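What's in work-v1.csv: CSV, C-alpha atoms
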chain,number,residue,atom,x,y,z
A,6,MET,CA,-40.0,-17.8,64.1
A,7,HIS,CA,-37.6,-15.4,62.5
A,8,PHE,CA,-35.0,-13.3,64.3
A,9,THR,CA,-33.3,-10.3,62.8
A,10,SER,CA,-29.6,-10.5,62.4
A,11,ASP,CA,-29.2,-7.4,64.6
A,12,ILE,CA,-29.5,-9.5,67.7
A,13,PHE,CA,-26.9,-11.9,66.6
A,14,ASN,CA,-24.6,-9.1,65.5
A,15,VAL,CA,-24.7,-7.5,69.0
A,16,LEU,CA,-23.8,-10.9,70.5
A,17,LEU,CA,-20.9,-11.4,68.1
A,18,ILE,CA,-19.5,-7.9,68.4
A,19,SER,CA,-20.0,-7.4,72.1
A,20,PRO,CA,-20.5,-10.8,73.9
A,21,TRP,CA,-19.8,-9.1,77.3
A,22,LEU,CA,-22.8,-6.8,76.9
A,23,PRO,CA,-25.6,-9.1,77.9
A,24,VAL,CA,-23.5,-10.5,80.8
A,25,SER,CA,-22.8,-6.9,82.1
A,26,PHE,CA,-26.4,-5.9,81.8
A,27,GLY,CA,-27.4,-9.1,83.7
A,28,LEU,CA,-24.9,-8.4,86.5
A,29,ALA,CA,-26.1,-4.8,86.7
A,30,GLY,CA,-29.7,-5.9,86.9
A,31,SER,CA,-28.8,-8.4,89.7
A,32,LEU,CA,-27.0,-5.6,91.5
A,33,ILE,CA,-29.8,-3.1,91.3
A,34,GLY,CA,-32.4,-5.8,92.2
A,35,ASN,CA,-30.4,-6.4,95.5
A,36,VAL,CA,-29.8,-2.7,96.2
A,37,PHE,CA,-33.5,-1.7,96.3
A,38,PRO,CA,-34.4,-4.2,99.2
A,39,LEU,CA,-31.2,-3.2,101.0
A,40,VAL,CA,-32.1,0.5,100.9
A,41,ASP,CA,-35.7,-0.4,101.9
A,42,ARG,CA,-34.4,-2.3,104.9
A,43,TYR,CA,-31.9,0.4,105.9
A,44,LEU,CA,-34.6,3.0,105.8
A,45,GLY,CA,-37.1,0.8,107.6
A,46,PHE,CA,-39.5,0.9,104.6
A,47,LYS,CA,-41.7,-2.0,104.0
A,48,PRO,CA,-43.3,-1.9,100.5
A,49,LYS,CA,-47.1,-2.4,100.3
A,50,LYS,CA,-48.0,-6.0,99.7
A,51,LYS,CA,-49.9,-5.0,96.6
A,52,SER,CA,-46.7,-3.6,95.0
A,53,ARG,CA,-44.8,-6.8,95.8
A,54,GLU,CA,-47.3,-9.1,94.0
A,55,LEU,CA,-46.2,-11.0,91.0
A,56,SER,CA,-49.0,-9.5,88.9
A,57,ALA,CA,-47.7,-6.0,89.6
A,58,VAL,CA,-44.2,-6.9,88.6
A,59,VAL,CA,-45.5,-8.6,85.4
A,60,ARG,CA,-47.6,-5.5,84.6
A,61,LEU,CA,-44.4,-3.4,85.0
A,62,LEU,CA,-42.4,-5.7,82.8
A,63,GLY,CA,-45.2,-5.5,80.2
A,64,GLY,CA,-45.1,-1.7,80.5
A,65,VAL,CA,-41.3,-1.6,80.0
A,66,MET,CA,-41.5,-3.9,77.0
A,67,GLY,CA,-44.4,-1.9,75.6
A,68,VAL,CA,-42.6,1.4,76.0
A,69,ASN,CA,-39.5,0.0,74.3
A,70,TYR,CA,-41.5,-1.5,71.4
A,71,ALA,CA,-43.6,1.6,70.9
A,72,ILE,CA,-40.7,4.0,70.9
A,73,SER,CA,-38.7,1.8,68.4
A,74,ARG,CA,-41.7,1.6,66.0
A,75,LEU,CA,-42.8,5.2,66.0
A,76,GLN,CA,-41.3,7.7,63.5
A,77,TRP,CA,-40.0,10.8,65.2
A,78,MET,CA,-39.3,14.2,63.7
A,79,ASP,CA,-36.1,14.5,65.7
A,80,HIS,CA,-34.4,12.7,68.6
A,81,SER,CA,-35.6,15.1,71.2
A,82,GLN,CA,-39.2,14.0,70.7
A,83,ALA,CA,-38.2,10.3,71.4
A,84,THR,CA,-36.1,11.3,74.4
A,85,GLY,CA,-38.9,13.4,75.8
A,86,ALA,CA,-41.4,10.6,75.3
A,87,ILE,CA,-39.2,8.0,77.0
A,88,THR,CA,-38.5,10.4,79.8
A,89,LEU,CA,-42.2,11.0,80.5
A,90,LEU,CA,-43.1,7.3,80.2
A,91,SER,CA,-40.2,6.3,82.5
A,92,LEU,CA,-41.4,8.8,85.1
A,93,GLY,CA,-44.9,7.6,84.7
A,94,LEU,CA,-44.1,4.0,85.2
A,95,TRP,CA,-42.0,4.9,88.3
A,96,PHE,CA,-45.0,6.8,89.6
A,97,ILE,CA,-47.4,4.0,88.9
A,98,PHE,CA,-45.3,1.1,90.2
A,99,ASP,CA,-42.9,2.5,92.8
A,100,ARG,CA,-43.7,6.0,94.1
A,101,THR,CA,-40.9,6.0,96.7
A,102,LEU,CA,-38.4,8.8,96.9
A,103,HIS,CA,-35.6,6.5,97.7
A,104,GLY,CA,-36.6,4.3,94.7
A,105,PHE,CA,-36.5,7.4,92.6
A,106,GLY,CA,-33.1,8.3,94.0
A,107,VAL,CA,-31.6,4.8,93.5
A,108,SER,CA,-32.9,4.8,89.9
A,109,VAL,CA,-31.5,8.2,89.1
A,110,LEU,CA,-28.2,7.2,90.7
A,111,PHE,CA,-28.1,4.0,88.6
A,112,ALA,CA,-28.9,6.0,85.5
A,113,LEU,CA,-26.1,8.5,86.2
A,114,VAL,CA,-23.5,5.8,87.0
A,115,GLY,CA,-24.6,3.7,84.0
A,116,THR,CA,-24.5,6.7,81.7
A,117,ALA,CA,-21.0,7.5,82.9
A,118,PHE,CA,-20.0,3.9,82.4
A,119,GLY,CA,-21.4,4.1,78.8
A,120,VAL,CA,-19.4,7.3,78.1
A,121,VAL,CA,-16.2,5.6,79.3
A,122,LEU,CA,-16.9,2.5,77.1
A,123,VAL,CA,-17.5,4.8,74.1
A,124,SER,CA,-14.5,6.9,74.7
A,125,HIS,CA,-12.3,3.8,74.9
A,126,GLY,CA,-13.7,2.4,71.7
A,127,LEU,CA,-15.3,-0.6,73.4
A,128,TYR,CA,-18.8,0.3,72.3
A,129,THR,CA,-20.4,2.6,69.8
A,130,PHE,CA,-23.9,3.9,69.2
A,131,ALA,CA,-25.2,4.2,65.6
A,132,SER,CA,-26.0,7.9,65.8
A,133,PRO,CA,-24.9,9.4,69.1
A,134,ASP,CA,-26.5,12.6,70.4
A,135,PHE,CA,-24.0,13.8,73.1
A,136,LEU,CA,-20.7,12.5,74.6
A,137,GLY,CA,-20.9,9.5,72.2
A,138,ILE,CA,-24.2,8.1,73.5
A,139,ARG,CA,-27.8,8.5,72.7
A,140,ALA,CA,-29.9,11.0,74.7
A,141,TRP,CA,-32.4,8.4,75.7
A,142,PHE,CA,-29.8,6.1,77.3
A,143,PRO,CA,-30.1,7.5,80.8
A,144,CYS,CA,-33.9,7.2,80.6
A,145,VAL,CA,-33.7,3.5,79.7
A,146,LEU,CA,-31.3,2.9,82.6
A,147,PHE,CA,-33.7,4.7,85.0
A,148,LEU,CA,-36.6,2.5,83.8
A,149,SER,CA,-34.5,-0.6,84.0
A,150,ALA,CA,-33.6,0.2,87.6
A,151,VAL,CA,-37.3,0.6,88.5
A,152,CYS,CA,-38.0,-2.7,86.8
A,153,PHE,CA,-35.2,-4.7,88.5
A,154,GLY,CA,-35.9,-3.0,91.8
A,155,ALA,CA,-39.5,-4.3,91.6
A,156,ILE,CA,-38.2,-7.8,90.9
A,157,GLY,CA,-35.8,-7.5,93.8
A,158,ARG,CA,-38.6,-6.4,96.2
A,159,LEU,CA,-40.8,-9.3,95.0
A,160,MET,CA,-38.1,-11.8,95.8
A,161,THR,CA,-37.2,-10.3,99.2
A,162,ASP,CA,-38.7,-11.5,102.5
A,163,TYR,CA,-39.6,-8.4,104.5
A,164,SER,CA,-40.6,-10.3,107.6
A,165,VAL,CA,-37.0,-10.5,108.8
A,166,HIS,CA,-35.8,-7.5,111.0
A,167,LYS,CA,-32.5,-5.8,110.8
A,168,ASP,CA,-31.2,-8.0,113.6
A,169,GLY,CA,-31.9,-11.2,111.6
A,170,LYS,CA,-34.9,-12.3,113.6
A,171,SER,CA,-38.2,-13.1,111.9
A,172,GLN,CA,-41.4,-11.4,112.9
A,173,LYS,CA,-44.0,-13.6,114.6
A,174,LYS,CA,-47.1,-13.8,112.6
A,175,ALA,CA,-50.4,-13.7,114.5

Rewrite the structure of this file - the entire thing - as structure tokens.
Amino acid sequence: MHFTSDIFNVLLISPWLPVSFGLAGSLIGNVFPLVDRYLGFKPKKKSRELSAVVRLLGGVMGVNYAISRLQWMDHSQATGAITLLSLGLWFIFDRTLHGFGVSVLFALVGTAFGVVLVSHGLYTFASPDFLGIRAWFPCVLFLSAVCFGAIGRLMTDYSVHKDGKSQKKA
């Protein structure tokens, strides 16, 4: 098995990056079930099955792989494709307005955080499009939020009410 040196370069230059993405993923994975519980929403059992989450993860990895391997005439084509595919995966695997809202909020906050990192010289993109970041960055954050939200919902026990009492199963 052969790994490209790009992976190791990222770890050497920015060792805090994987840790921060892991913490952000854990945070968003916990926010989705909390918002569900606050709104009294119980996801369908089918959307909380392991196979649905694995299909979503496969879709996310497939989108990232395909986008990175295709040759685009300009960056706006890649950004448009990632945007449409991100919205499509949200529609297939989530379809909740509050899930959409949380994902958009995460994308906006993450993009603002990325702009701050770039403006302070803590991170750089190879060929930035606007404000020092790539135009597809918010779309990837949106899709990541949908993915981590699905994982959080999978791991949450929805049989417990707001008052902490379990439902009796018939």

Spatial neighbours of region 74-87 of chain A, 8 Å, all atoms listed in the file, chain gap at least 4 places, as a list in words: Val68, Tyr70, Ser91, Ala140, Trp141, Cys144 and Val145 of chain A

Can those selected residues be exported to a file as an mmCIF file, in the coordinates of the input so that it contains C-alpha atoms?
data_model
loop_
_atom_site.group_PDB
_atom_site.id
_atom_site.type_symbol
_atom_site.label_atom_id
_atom_site.label_comp_id
_atom_site.auth_asym_id
_atom_site.auth_seq_id
_atom_site.Cartn_x
_atom_site.Cartn_y
_atom_site.Cartn_z
ATOM 1 C CA VAL A 68 -42.600 1.400 76.000
ATOM 2 C CA TYR A 70 -41.500 -1.500 71.400
ATOM 3 C CA SER A 91 -40.200 6.300 82.500
ATOM 4 C CA ALA A 140 -29.900 11.000 74.700
ATOM 5 C CA TRP A 141 -32.400 8.400 75.700
ATOM 6 C CA CYS A 144 -33.900 7.200 80.600
ATOM 7 C CA VAL A 145 -33.700 3.500 79.700
#

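Counting from CA of Ile156 (chain A), the distance to CA of Val58 (chain A) is 6.5 Å.
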
For CA of Arg158 (chain A) and CA of Ile33 (chain A), quote the distance in Å rounded to one decimal. 10.6 Å

For Leu110 (chain A): contacts at 10 Å, all atoms listed in the file, fewer than 4 positions along chain excluded, given as an MDAnalysis selection string: chainID A and resid 104:106 114:116 146:147 150

How would the residues just chosen look if you wrote them out with C-alpha atoms as a PDB file, in the coordinates of the input?
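Below you can see out.pdb, which holds the result:
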ATOM      1  CA  GLY A 104     -36.600   4.300  94.700  1.00  0.00           C
ATOM      2  CA  PHE A 105     -36.500   7.400  92.600  1.00  0.00           C
ATOM      3  CA  GLY A 106     -33.100   8.300  94.000  1.00  0.00           C
ATOM      4  CA  VAL A 114     -23.500   5.800  87.000  1.00  0.00           C
ATOM      5  CA  GLY A 115     -24.600   3.700  84.000  1.00  0.00           C
ATOM      6  CA  THR A 116     -24.500   6.700  81.700  1.00  0.00           C
ATOM      7  CA  LEU A 146     -31.300   2.900  82.600  1.00  0.00           C
ATOM      8  CA  PHE A 147     -33.700   4.700  85.000  1.00  0.00           C
ATOM      9  CA  ALA A 150     -33.600   0.200  87.600  1.00  0.00           C
TER      10      ALA A 150
END

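Taking CA of Pro38 (chain A) and CA of Gly157 (chain A) as endpoints, the distance between them is 6.5 Å.
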
Within 12 Å of Ser25 (chain A), counting only C-alpha atoms, which residues qualify if same-chain residues fewer than 6 places away don't, as an MDAnalysis selection string? chainID A and resid 19 31:32 115 118:119

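Considering the residues A:Val24, A:Leu148, A:Arg100, A:Leu90 and counting only C-alpha atoms, Lys49 (chain A) has its shortest atom-to-atom contact with A:Arg100.
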
Would you list the contacts of Val40 (chain A) as an MDAnalysis selection string, taking every protein, DNA or RNA residue within 8 Å and counting all atoms listed in the file, but skipping same-chain residues closer than 4 positions in sequence? chainID A and resid 36 44 103
